[in-house]
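File shown: protein.pdb. Contents: PDB, C-alpha atoms and all ligand atoms.
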```pdb
ATOM      1  CA  MET J 369       0.000   0.000   0.000
ATOM      2  CA  ILE J 370       2.919   2.355   0.630
ATOM      3  CA  ASP J 371       3.670   2.653  -3.090
ATOM      4  CA  LEU J 372       0.048   3.461  -3.794
ATOM      5  CA  VAL J 373       0.038   6.207  -1.145
ATOM      6  CA  LYS J 374       3.302   7.569  -2.512
ATOM      7  CA  GLN J 375       1.848   7.794  -6.021
ATOM      8  CA  LEU J 376      -1.356   9.412  -4.812
ATOM      9  CA  VAL J 377       0.262  12.129  -2.694
ATOM     10  CA  ALA J 378       2.604  12.996  -5.550
ATOM     11  CA  CYS J 379      -0.499  14.224  -7.420
ATOM     12  CA  ASP J 380      -1.695  17.745  -6.697
ATOM     13  CA  GLY J 381      -5.447  18.060  -6.166
ATOM     14  CA  PRO J 382      -6.670  21.005  -4.143
ATOM     15  CA  SER J 383     -10.451  21.346  -3.767
ATOM     16  CA  GLY J 384     -12.078  22.023  -7.123
ATOM     17  CA  HIS J 385      -9.083  20.644  -9.019
ATOM     18  CA  GLU J 386      -9.354  16.913  -8.398
ATOM     19  CA  ARG J 387      -9.141  15.782 -12.029
ATOM     20  CA  VAL J 388      -5.525  14.579 -12.045
ATOM     21  CA  VAL J 389      -5.963  12.520  -8.886
ATOM     22  CA  ARG J 390      -9.339  11.252 -10.070
ATOM     23  CA  ASP J 391      -7.916  10.095 -13.417
ATOM     24  CA  MET J 392      -5.218   8.134 -11.622
ATOM     25  CA  VAL J 393      -7.711   6.531  -9.214
ATOM     26  CA  ARG J 394     -10.091   5.771 -12.065
ATOM     27  CA  GLN J 395      -7.405   3.902 -13.937
ATOM     28  CA  MET J 396      -6.446   1.905 -10.851
ATOM     29  CA  ALA J 397     -10.064   1.075  -9.953
ATOM     30  CA  ALA J 398     -11.315   0.128 -13.412
ATOM     31  CA  PRO J 399     -10.103  -3.512 -13.504
ATOM     32  CA  TYR J 400     -11.999  -4.303 -10.261
ATOM     33  CA  ALA J 401     -15.210  -2.357 -10.886
ATOM     34  CA  ASP J 402     -18.612  -3.704 -11.932
ATOM     35  CA  GLU J 403     -19.621  -0.182 -12.827
ATOM     36  CA  LEU J 404     -17.688   3.070 -12.854
ATOM     37  CA  ARG J 405     -18.788   6.616 -13.508
ATOM     38  CA  VAL J 406     -17.969  10.226 -12.762
ATOM     39  CA  ASP J 407     -20.960  12.285 -11.674
ATOM     40  CA  ARG J 408     -21.697  15.884 -12.607
ATOM     41  CA  LEU J 409     -19.692  17.357  -9.713
ATOM     42  CA  GLY J 410     -16.695  15.134 -10.424
ATOM     43  CA  ASN J 411     -17.119  12.398  -7.808
ATOM     44  CA  LEU J 412     -15.739   9.061  -9.000
ATOM     45  CA  ILE J 413     -18.308   6.365  -8.185
ATOM     46  CA  VAL J 414     -17.231   2.735  -8.391
ATOM     47  CA  ARG J 415     -19.704  -0.076  -7.741
ATOM     48  CA  LYS J 416     -18.761  -3.624  -6.859
ATOM     49  CA  GLY J 417     -21.299  -6.392  -6.260
ATOM     50  CA  LYS J 418     -25.078  -6.622  -6.207
ATOM     51  CA  LYS J 419     -27.307  -6.475  -3.177
ATOM     52  CA  ALA J 420     -28.101 -10.010  -1.897
ATOM     53  CA  ALA J 421     -31.078 -10.867   0.326
ATOM     54  CA  ASN J 422     -29.010 -10.250   3.471
ATOM     55  CA  GLY J 423     -27.105  -7.353   1.961
ATOM     56  CA  LEU J 424     -27.247  -3.557   2.010
ATOM     57  CA  ARG J 425     -26.350  -0.811  -0.398
ATOM     58  CA  VAL J 426     -23.190   0.509   1.244
ATOM     59  CA  MET J 427     -21.610   3.846   0.403
ATOM     60  CA  LEU J 428     -17.945   4.232   1.311
ATOM     61  CA  SER J 429     -16.225   7.543   0.776
ATOM     62  CA  ALA J 430     -12.717   8.940   0.756
ATOM     63  CA  HIS J 431     -12.077  12.426  -0.537
ATOM     64  CA  LEU J 432      -9.802  13.150  -3.450
ATOM     65  CA  ASP J 433      -9.170  16.799  -2.652
ATOM     66  CA  GLU J 434      -6.473  18.262  -0.430
ATOM     67  CA  ILE J 435      -6.255  21.639   1.257
ATOM     68  CA  GLY J 436      -4.497  24.391  -0.651
ATOM     69  CA  LEU J 437      -4.093  28.080  -1.327
ATOM     70  CA  ILE J 438      -5.673  30.276  -3.977
ATOM     71  CA  ALA J 439      -4.229  33.505  -5.407
ATOM     72  CA  THR J 440      -6.408  36.511  -4.524
ATOM     73  CA  HIS J 441      -4.254  39.230  -6.093
ATOM     74  CA  VAL J 442      -0.743  40.129  -7.191
ATOM     75  CA  ASP J 443       0.728  43.284  -5.638
ATOM     76  CA  GLU J 444       2.719  45.986  -7.445
ATOM     77  CA  HIS J 445       6.019  44.204  -6.696
ATOM     78  CA  GLY J 446       4.869  40.878  -8.111
ATOM     79  CA  PHE J 447       4.162  39.136  -4.805
ATOM     80  CA  VAL J 448       1.148  36.832  -4.817
ATOM     81  CA  ARG J 449      -1.393  37.162  -2.012
ATOM     82  CA  VAL J 450      -3.411  34.097  -1.111
ATOM     83  CA  SER J 451      -6.519  32.821   0.593
ATOM     84  CA  ASN J 452      -7.309  29.335   1.809
ATOM     85  CA  LEU J 453      -8.900  26.352   0.084
ATOM     86  CA  GLY J 454     -10.195  24.424   3.080
ATOM     87  CA  VAL J 455      -8.850  24.825   6.606
ATOM     88  CA  VAL J 456      -5.278  26.099   6.220
ATOM     89  CA  HIS J 457      -3.322  27.181   9.291
ATOM     90  CA  ALA J 458      -1.187  30.237   8.442
ATOM     91  CA  PRO J 459       1.764  29.313  10.716
ATOM     92  CA  TYR J 460       2.112  26.001   8.835
ATOM     93  CA  CYS J 461       2.489  27.925   5.556
ATOM     94  CA  LEU J 462       5.352  30.122   6.600
ATOM     95  CA  GLY J 463       8.736  29.174   5.163
ATOM     96  CA  GLN J 464       7.184  26.513   2.966
ATOM     97  CA  ARG J 465       7.584  25.833  -0.698
ATOM     98  CA  ILE J 466       4.283  25.725  -2.551
ATOM     99  CA  ARG J 467       3.464  24.693  -6.093
ATOM    100  CA  PHE J 468       0.762  26.220  -8.288
ATOM    101  CA  LEU J 469      -1.107  23.862 -10.577
ATOM    102  CA  ASN J 470       0.497  25.514 -13.606
ATOM    103  CA  GLY J 471       3.871  24.353 -12.278
ATOM    104  CA  VAL J 472       5.036  27.676 -10.844
ATOM    105  CA  GLN J 473       6.823  27.251  -7.532
ATOM    106  CA  GLY J 474       6.924  29.796  -4.756
ATOM    107  CA  VAL J 475       8.213  30.437  -1.252
ATOM    108  CA  VAL J 476       5.873  31.730   1.444
ATOM    109  CA  GLY J 477       7.066  34.835   3.290
ATOM    110  CA  HIS J 478       5.528  37.121   5.899
ATOM    111  CA  GLU J 479       5.151  40.898   6.084
ATOM    112  CA  ILE J 480       6.840  41.162   9.447
ATOM    113  CA  GLU J 481      10.310  39.701   9.707
ATOM    114  CA  GLY J 482      11.783  38.632  13.021
ATOM    115  CA  PHE J 483       8.400  37.548  14.387
ATOM    116  CA  THR J 484       8.054  39.722  17.439
ATOM    117  CA  GLY J 485       5.123  37.731  18.749
ATOM    118  CA  GLU J 486       2.894  38.976  15.948
ATOM    119  CA  LYS J 487       0.074  36.577  15.137
ATOM    120  CA  ILE J 488       0.694  34.883  11.804
ATOM    121  CA  THR J 489      -2.389  35.213   9.642
ATOM    122  CA  LEU J 490      -3.014  34.343   6.007
ATOM    123  CA  ASP J 491      -3.577  37.973   5.025
ATOM    124  CA  LYS J 492       0.000  38.860   6.080
ATOM    125  CA  LEU J 493       1.567  36.065   4.081
ATOM    126  CA  PHE J 494       2.768  36.427   0.515
ATOM    127  CA  VAL J 495       4.148  34.057  -2.080
ATOM    128  CA  ASP J 496       7.424  34.923  -3.749
ATOM    129  CA  VAL J 497       7.510  33.411  -7.230
ATOM    130  CA  GLY J 498      10.471  35.490  -8.397
ATOM    131  CA  ALA J 499       8.400  38.135 -10.157
ATOM    132  CA  ALA J 500       9.086  41.891  -9.842
ATOM    133  CA  SER J 501       5.767  43.220 -11.129
ATOM    134  CA  PRO J 502       2.224  41.982 -11.807
ATOM    135  CA  GLU J 503       3.020  41.892 -15.548
ATOM    136  CA  ASP J 504       6.024  39.696 -14.841
ATOM    137  CA  CYS J 505       4.089  37.335 -12.527
ATOM    138  CA  PRO J 506       3.243  33.867 -13.903
ATOM    139  CA  VAL J 507       0.362  33.467 -11.444
ATOM    140  CA  GLN J 508      -3.166  34.696 -12.104
ATOM    141  CA  VAL J 509      -5.908  35.530  -9.650
ATOM    142  CA  GLY J 510      -7.740  32.273  -8.945
ATOM    143  CA  ASP J 511      -4.765  29.980  -9.533
ATOM    144  CA  ALA J 512      -4.597  27.244  -6.882
ATOM    145  CA  ALA J 513      -1.519  25.861  -5.135
ATOM    146  CA  VAL J 514      -0.586  23.066  -2.725
ATOM    147  CA  PHE J 515       2.218  22.348  -0.275
ATOM    148  CA  GLN J 516       5.281  20.555  -1.609
ATOM    149  CA  GLY J 517       5.838  18.251   1.416
ATOM    150  CA  SER J 518       7.349  15.134  -0.129
ATOM    151  CA  PHE J 519       6.508  11.621   1.062
ATOM    152  CA  GLN J 520       8.842   9.872   3.479
ATOM    153  CA  GLU J 521       8.650   6.746   5.583
ATOM    154  CA  VAL J 522      10.117   7.055   9.053
ATOM    155  CA  ASP J 523      10.133   3.928  11.194
ATOM    156  CA  GLY J 524       6.732   2.589  10.120
ATOM    157  CA  ARG J 525       5.236   6.033   9.961
ATOM    158  CA  TRP J 526       4.313   7.744   6.734
ATOM    159  CA  THR J 527       4.809  11.502   6.441
ATOM    160  CA  GLY J 528       3.995  14.042   3.759
ATOM    161  CA  LYS J 529       1.357  16.360   2.369
ATOM    162  CA  ALA J 530      -2.185  15.281   1.446
ATOM    163  CA  LEU J 531      -2.129  12.067   3.495
ATOM    164  CA  ASP J 532      -5.535  13.524   4.450
ATOM    165  CA  ASP J 533      -7.212  11.883   2.625
ATOM    166  CA  ARG J 534      -5.088  10.038   0.026
ATOM    167  CA  VAL J 535      -4.171   7.439   2.611
ATOM    168  CA  CYS J 536      -7.884   6.526   2.685
ATOM    169  CA  VAL J 537      -8.143   6.746  -1.099
ATOM    170  CA  ALA J 538      -5.397   4.101  -1.192
ATOM    171  CA  LEU J 539      -7.198   2.123   1.500
ATOM    172  CA  LEU J 540     -10.418   2.101  -0.535
ATOM    173  CA  LEU J 541      -8.585   1.135  -3.729
ATOM    174  CA  GLU J 542      -6.921  -1.761  -1.953
ATOM    175  CA  THR J 543     -10.236  -2.805  -0.361
ATOM    176  CA  LEU J 544     -11.879  -2.726  -3.799
ATOM    177  CA  ARG J 545      -9.111  -4.958  -5.108
ATOM    178  CA  GLN J 546      -9.270  -7.463  -2.247
ATOM    179  CA  LEU J 547     -13.038  -7.636  -1.651
ATOM    180  CA  LYS J 548     -14.273 -11.061  -2.737
ATOM    181  CA  ASP J 549     -17.522 -12.412  -1.322
ATOM    182  CA  SER J 550     -19.816  -9.687  -0.119
ATOM    183  CA  PRO J 551     -23.600  -9.762   0.258
ATOM    184  CA  HIS J 552     -23.552  -5.995  -0.241
ATOM    185  CA  GLU J 553     -23.734  -3.662  -3.167
ATOM    186  CA  VAL J 554     -20.697  -1.572  -2.357
ATOM    187  CA  TYR J 555     -20.146   1.903  -3.753
ATOM    188  CA  PHE J 556     -16.596   3.136  -3.427
ATOM    189  CA  VAL J 557     -16.958   6.891  -3.787
ATOM    190  CA  PHE J 558     -13.939   9.110  -4.291
ATOM    191  CA  THR J 559     -15.389  12.495  -3.483
ATOM    192  CA  VAL J 560     -14.567  16.053  -4.508
ATOM    193  CA  LEU J 561     -14.881  19.286  -2.512
ATOM    194  CA  GLU J 562     -14.669  17.701   0.942
ATOM    195  CA  GLU J 563     -12.317  20.292   2.372
ATOM    196  CA  VAL J 564     -14.639  23.130   1.356
ATOM    197  CA  GLY J 565     -17.861  21.885   2.918
ATOM    198  CA  ARG J 566     -18.171  18.196   1.945
ATOM    199  CA  LYS J 567     -20.267  19.060  -1.067
ATOM    200  CA  GLY J 568     -19.246  16.147  -3.266
ATOM    201  CA  ALA J 569     -20.435  13.556  -0.743
ATOM    202  CA  ARG J 570     -23.812  15.266  -0.435
ATOM    203  CA  ALA J 571     -24.461  15.020  -4.165
ATOM    204  CA  ALA J 572     -23.057  11.488  -4.469
ATOM    205  CA  ALA J 573     -25.152  10.175  -1.577
ATOM    206  CA  TYR J 574     -28.292  11.619  -3.121
ATOM    207  CA  GLY J 575     -27.547   9.821  -6.369
ATOM    208  CA  ILE J 576     -26.641   6.483  -4.784
ATOM    209  CA  ASP J 577     -29.372   6.458  -2.104
ATOM    210  CA  PRO J 578     -27.427   4.087   0.183
ATOM    211  CA  ASP J 579     -28.729   2.028   3.134
ATOM    212  CA  VAL J 580     -25.618   2.815   5.148
ATOM    213  CA  GLY J 581     -22.697   5.228   4.827
ATOM    214  CA  ILE J 582     -19.119   4.933   6.035
ATOM    215  CA  ALA J 583     -16.607   7.748   5.549
ATOM    216  CA  LEU J 584     -12.906   6.945   5.586
ATOM    217  CA  ASP J 585     -10.932   9.962   6.668
ATOM    218  CA  ALA J 586      -8.246  11.264   8.966
ATOM    219  CA  THR J 587      -8.792  12.248  12.569
ATOM    220  CA  ALA J 588      -6.609  14.251  14.935
ATOM    221  CA  THR J 589      -4.754  12.761  17.905
ATOM    222  CA  GLY J 590      -4.189  13.823  21.495
ATOM    223  CA  ASP J 591      -0.759  12.260  21.887
ATOM    224  CA  THR J 592       1.644  15.148  21.217
ATOM    225  CA  PRO J 593       3.164  17.435  23.905
ATOM    226  CA  LYS J 594       0.460  19.644  25.413
ATOM    227  CA  GLY J 595      -1.762  18.443  22.562
ATOM    228  CA  ARG J 596      -5.503  18.475  22.420
ATOM    229  CA  LYS J 597      -7.580  16.598  24.993
ATOM    230  CA  MET J 598      -8.466  13.622  22.888
ATOM    231  CA  ALA J 599      -8.342   9.865  23.462
ATOM    232  CA  VAL J 600      -6.973   8.959  20.007
ATOM    233  CA  ALA J 601      -3.266   8.101  19.671
ATOM    234  CA  LEU J 602      -1.089   7.225  16.692
ATOM    235  CA  GLY J 603      -0.408   3.489  16.411
ATOM    236  CA  ASN J 604      -3.217   2.359  18.715
ATOM    237  CA  GLY J 605      -5.388   1.118  15.869
ATOM    238  CA  PRO J 606      -8.027   2.631  13.601
ATOM    239  CA  ALA J 607     -10.548   4.952  15.215
ATOM    240  CA  ILE J 608     -14.277   4.310  15.115
ATOM    241  CA  LYS J 609     -16.098   7.598  14.873
ATOM    242  CA  VAL J 610     -18.596   8.216  17.653
ATOM    243  CA  LYS J 611     -18.967  11.969  17.200
ATOM    244  CA  ASP J 612     -17.399  14.934  15.452
ATOM    245  CA  ALA J 613     -18.526  18.488  14.744
ATOM    246  CA  GLY J 614     -20.787  17.253  11.947
ATOM    247  CA  ILE J 615     -22.262  13.963  13.078
ATOM    248  CA  ILE J 616     -23.260  11.678  15.893
ATOM    249  CA  ALA J 617     -22.497   8.345  14.282
ATOM    250  CA  TYR J 618     -25.390   5.885  14.050
ATOM    251  CA  PRO J 619     -25.086   3.857  17.303
ATOM    252  CA  GLY J 620     -25.954   0.551  15.615
ATOM    253  CA  LEU J 621     -23.143   1.107  13.124
ATOM    254  CA  VAL J 622     -20.640   1.936  15.872
ATOM    255  CA  GLN J 623     -21.662  -1.305  17.601
ATOM    256  CA  ALA J 624     -21.358  -3.299  14.385
ATOM    257  CA  MET J 625     -17.850  -1.903  13.810
ATOM    258  CA  GLU J 626     -16.768  -2.630  17.363
ATOM    259  CA  ALA J 627     -18.191  -6.154  17.161
ATOM    260  CA  ALA J 628     -16.240  -6.744  13.939
ATOM    261  CA  ALA J 629     -13.038  -5.479  15.577
ATOM    262  CA  ALA J 630     -13.633  -7.765  18.569
ATOM    263  CA  GLN J 631     -14.106 -10.773  16.268
ATOM    264  CA  LEU J 632     -10.849  -9.956  14.532
ATOM    265  CA  ASN J 633      -9.107  -9.253  17.833
ATOM    266  CA  LEU J 634      -8.077  -5.910  16.329
ATOM    267  CA  PRO J 635      -7.265  -2.885  18.483
ATOM    268  CA  VAL J 636      -9.595   0.063  17.838
ATOM    269  CA  GLN J 637     -10.125   3.432  19.471
ATOM    270  CA  ARG J 638     -13.244   5.512  19.867
ATOM    271  CA  GLU J 639     -13.100   8.888  18.175
ATOM    272  CA  ILE J 640     -14.639  12.063  19.493
ATOM    273  CA  LEU J 641     -13.381  14.926  17.336
ATOM    274  CA  MET J 642     -14.342  18.323  18.721
ATOM    275  CA  ARG J 643     -13.532  20.329  15.597
ATOM    276  CA  GLY J 644     -13.818  19.075  12.041
ATOM    277  CA  ALA J 645     -16.216  16.857  10.144
ATOM    278  CA  THR J 646     -16.146  14.339   7.315
ATOM    279  CA  ASP J 647     -18.264  13.162   4.383
ATOM    280  CA  ALA J 648     -20.210  11.041   6.903
ATOM    281  CA  SER J 649     -22.273  14.033   8.003
ATOM    282  CA  MET J 650     -23.411  14.698   4.449
ATOM    283  CA  ILE J 651     -24.245  11.068   3.721
ATOM    284  CA  GLN J 652     -26.254  10.928   6.956
ATOM    285  CA  THR J 653     -28.592  13.707   5.913
ATOM    286  CA  ALA J 654     -29.009  12.724   2.266
ATOM    287  CA  ARG J 655     -32.579  12.144   1.047
ATOM    288  CA  ALA J 656     -34.657  10.674   3.897
ATOM    289  CA  GLY J 657     -31.574   9.953   6.009
ATOM    290  CA  VAL J 658     -28.835   7.312   5.962
ATOM    291  CA  PRO J 659     -27.389   5.568   9.052
ATOM    292  CA  SER J 660     -23.774   6.705   8.849
ATOM    293  CA  GLY J 661     -20.450   6.674  10.621
ATOM    294  CA  GLY J 662     -16.760   6.598   9.977
ATOM    295  CA  ILE J 663     -13.528   4.699  10.268
ATOM    296  CA  SER J 664     -10.759   7.205  10.868
ATOM    297  CA  ILE J 665      -7.010   7.056  10.554
ATOM    298  CA  PRO J 666      -5.241   8.755  13.473
ATOM    299  CA  MET J 667      -3.112  11.549  12.029
ATOM    300  CA  ARG J 668      -0.699  14.000  13.606
ATOM    301  CA  TYR J 669      -0.106  17.488  12.158
ATOM    302  CA  VAL J 670      -3.325  17.297  10.133
ATOM    303  CA  HIS J 671      -3.571  19.957   7.409
ATOM    304  CA  SER J 672       0.150  20.701   7.528
ATOM    305  CA  PRO J 673       2.773  20.115   4.793
ATOM    306  CA  VAL J 674       3.987  17.090   6.758
ATOM    307  CA  GLU J 675       1.119  15.016   8.084
ATOM    308  CA  MET J 676       1.915  11.736   9.844
ATOM    309  CA  VAL J 677       0.148   8.369  10.092
ATOM    310  CA  ASP J 678       1.147   4.972  11.405
ATOM    311  CA  ALA J 679       1.219   2.319   8.673
ATOM    312  CA  GLN J 680      -0.203  -0.323  11.000
ATOM    313  CA  ASP J 681      -3.295   1.787  11.751
ATOM    314  CA  VAL J 682      -3.935   1.999   8.004
ATOM    315  CA  HIS J 683      -3.541  -1.733   7.422
ATOM    316  CA  GLN J 684      -5.745  -2.573  10.388
ATOM    317  CA  ALA J 685      -8.420  -0.168   9.170
ATOM    318  CA  MET J 686      -8.490  -2.057   5.893
ATOM    319  CA  THR J 687      -8.753  -5.439   7.638
ATOM    320  CA  LEU J 688     -11.667  -4.069   9.654
ATOM    321  CA  LEU J 689     -13.428  -2.619   6.613
ATOM    322  CA  LEU J 690     -13.034  -5.833   4.614
ATOM    323  CA  HIS J 691     -14.496  -7.858   7.480
ATOM    324  CA  ILE J 692     -17.476  -5.510   7.764
ATOM    325  CA  LEU J 693     -18.132  -5.721   4.024
ATOM    326  CA  GLU J 694     -17.813  -9.486   3.819
ATOM    327  CA  ASN J 695     -20.460 -10.120   6.495
ATOM    328  CA  SER J 696     -24.039  -9.008   6.986
ATOM    329  CA  ILE J 697     -24.330  -5.698   8.812
ATOM    330  CA  GLN J 698     -26.765  -5.565  11.756
ATOM    331  CA  LEU J 699     -27.687  -1.949  12.315
TER     332      LEU J 699
HETATM  333 ZN    ZN P   1      -9.987  14.701   5.309
END
```
Go through the file and emit its structure as structure tokens.
Ligand SMILES: [Zn+2]
Amino acid sequence: MIDLVKQLVACDGPSGHERVVRDMVRQMAAPYADELRVDRLGNLIVRKGKKAANGLRVMLSAHLDEIGLIATHVDEHGFVRVSNLGVVHAPYCLGQRIRFLNGVQGVVGHEIEGFTGEKITLDKLFVDVGAASPEDCPVQVGDAAVFQGSFQEVDGRWTGKALDDRVCVALLLETLRQLKDSPHEVYFVFTVLEEVGRKGARAAAYGIDPDVGIALDATATGDTPKGRKMAVALGNGPAIKVKDAGIIAYPGLVQAMEAAAAQLNLPVQREILMRGATDASMIQTARAGVPSGGISIPMRYVHSPVEMVDAQDVHQAMTLLLHILENSIQL
């Protein structure tokens, strides 16, 4: 799976610009799909299997998009000013290399040098692309950019940009490949526009009309120095979502996931995420309502140029998901 993740994070796909990533995923998914289509918003929807008597229509989602920056204007000296695509923390941007989708690279600077305790905010940042005037600048208003954090493996931990949510895109691709006997009609949905309000999942869920929804996404951890008060830790197993800022997971689904983990003797953690939400919240409220929840990958430094996950958590999440899909689901 590591090679798959490496390939996926090497693609740039900020919200609204998921085509390159989607094309790659589409190609990888095609040999294992019973049906494959891209909907009007750009979600890639891959079906495998048909609903048996004891089966459900299951919607799984992992988002294709990553957070990024978007050029708002170019000043008289050729410096590019930016706004956020998704939740971008300004201090994480400072001193970073970023790459615009047209290939132009830039370095992120700040109006005040020396940092005398001044709060770092996006409106004080600028991107230096080597231009001296607006005419000279190869970046246009509206051009999108992403962090350049390259992928590295450090002692069983994967680090790099866009692991949120490409690690789950890889997990879904691998699950699609390995899934054999399932009573369910499984829709693997690779969504767009998650980081800007989970809009892709809303549209996809309406179209699919699933019986149950499971979002695969990253969650934060509480295991770093003076970190947030949170029970999730890196390396302690996949997290089963109980609640985040967008959803209270369907209790029957949480129970079904925990029962599956117990059968497999797999370590899992319960996730309560105070800030942030996933596609699950949009699937839940589609049409007349869909029992929904999530399996989350514990991730440190979420939404930074160097996110970090534990490889074992990812593999165990896939084992858990496969087991859930290969058995009947009691909600
Ligand atoms: Zn995410």
Using all atoms listed in the file, find the one residue out of J:Lys374, J:His671, J:Lys419, J:His552 that sits nearest to ligand ZN 1 (chain P).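 Answer, going by the shortest atom-to-atom distance: J:His671.
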Show me, as number ranges by chain, the residues that have an atom within 12 Å of Asp504 (chain J) when counting only C-alpha atoms, minus same-chain residues fewer than 4 positions from it. J: 442-448, 497-500, 508
Can you turn the PyMOL selection byres (((chain J and resi 654-669) around 7) and not hetatm) into a concrete residue list for this file, as a short mmCIF file (atom, residue, chain, number, x, y, z; two decimals) with C-alpha atoms, keeping the file's coordinate frame?
```cif
data_model
loop_
_atom_site.label_atom_id
_atom_site.label_comp_id
_atom_site.auth_asym_id
_atom_site.auth_seq_id
_atom_site.Cartn_x
_atom_site.Cartn_y
_atom_site.Cartn_z
CA ARG J 570 -23.81 15.27 -0.44
CA ALA J 573 -25.15 10.18 -1.58
CA TYR J 574 -28.29 11.62 -3.12
CA PRO J 578 -27.43 4.09 0.18
CA ASP J 579 -28.73 2.03 3.13
CA VAL J 580 -25.62 2.82 5.15
CA GLY J 581 -22.70 5.23 4.83
CA ILE J 582 -19.12 4.93 6.04
CA ALA J 583 -16.61 7.75 5.55
CA LEU J 584 -12.91 6.94 5.59
CA ASP J 585 -10.93 9.96 6.67
CA ALA J 586 -8.25 11.26 8.97
CA THR J 587 -8.79 12.25 12.57
CA ALA J 588 -6.61 14.25 14.94
CA THR J 589 -4.75 12.76 17.90
CA VAL J 600 -6.97 8.96 20.01
CA ALA J 601 -3.27 8.10 19.67
CA LEU J 602 -1.09 7.22 16.69
CA PRO J 606 -8.03 2.63 13.60
CA ALA J 607 -10.55 4.95 15.22
CA ILE J 608 -14.28 4.31 15.12
CA LYS J 609 -16.10 7.60 14.87
CA ALA J 617 -22.50 8.35 14.28
CA TYR J 618 -25.39 5.88 14.05
CA LEU J 621 -23.14 1.11 13.12
CA ALA J 648 -20.21 11.04 6.90
CA MET J 650 -23.41 14.70 4.45
CA ILE J 651 -24.24 11.07 3.72
CA GLN J 652 -26.25 10.93 6.96
CA THR J 653 -28.59 13.71 5.91
CA VAL J 670 -3.32 17.30 10.13
CA HIS J 671 -3.57 19.96 7.41
CA SER J 672 0.15 20.70 7.53
CA VAL J 674 3.99 17.09 6.76
CA GLU J 675 1.12 15.02 8.08
CA MET J 676 1.92 11.74 9.84
CA VAL J 677 0.15 8.37 10.09
CA ASP J 681 -3.30 1.79 11.75
CA VAL J 682 -3.94 2.00 8.00
#
```
Residues in the PyMOL selection byres (((not hetatm)) within 7 of (chain P and resi 1)), expressed as a VMD selection string: chain J and resid 431 532 to 533 563 585 to 586 646
Could you tell me, as JSON, numbers by chain, exactly which residues end up selected when the PyMOL selection byres (((chain J and resi 471) around 12) and not hetatm) is applied to this structure? {"J": [380, 466, 467, 468, 469, 470, 472, 473, 474, 497, 506, 507, 511, 512, 513, 514, 516]}
Fewer than 2 positions away in the same chain doesn't count, so skip those; otherwise give me all residues within 12 Å of region 386-393 of chain J, counting all atoms listed in the file, as a PyMOL selection string. chain J and resi 372-373+375-384+395-401+404-407+409-414+430-436+469+512+530+533-534+536-542+544+556-563+568
In terms of the shortest atom-to-atom distance over all atoms listed in the file, which of J:Pro502, J:Gly517, J:Gly605, J:Gly423 is closest to Leu693 (chain J)?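 When distances to Leu693 (chain J) are compared using all atoms listed in the file, the smallest one comes from J:Gly423.
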Between J:Val535, J:Val610, J:Ala628, J:Cys461, which residue has the minimum interatomic distance to His683 (chain J), considering only C-alpha atoms? J:Val535
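Checking J:Glu503, J:Gly590, J:Asn695, J:Arg449 one by one against Ala420 (chain J), counting all atoms listed in the file, you find the shortest gap at J:Asn695.
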Between J:Glu521, J:Glu694, J:Asp591, J:Glu626, which one has atoms that come closest to Ile370 (chain J), using all atoms listed in the file? J:Glu521
Which residue of J:Leu688, J:Asp371, J:Ser696, J:Leu641 approaches Ala421 (chain J) most closely, using only C-alpha atoms: J:Ser696
Mind pulling up the distance from CA of Ile438 (chain J) to CA of Leu462 (chain J)?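 So the two atoms, CA of Leu462 (chain J) and CA of Ile438 (chain J), lie 15.3 Å apart.
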Please list, as an NGL selection string, the residues that have an atom at most 6 Å away from (-12.2, 12.9, 18.3) in the coordinates of this file, counting all atoms listed in the file. :J and (598 or 639-642)
Report, in Å to a single decimal, how far apart CA of His478 (chain J) and CA of Cys505 (chain J) are.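 Between CA of Cys505 (chain J) and CA of His478 (chain J) the gap is 18.5 Å.
Take CA of Ala685 (chain J) and CA of Asn633 (chain J): the distance between them is 12.6 Å.
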Exercise: Lys416 (chain J) partners within 7 Å, all atoms listed in the file, chain neighbours under 3 positions left out, as JSON, numbers by chain: {"J": [401, 402, 403, 553, 554, 555]}
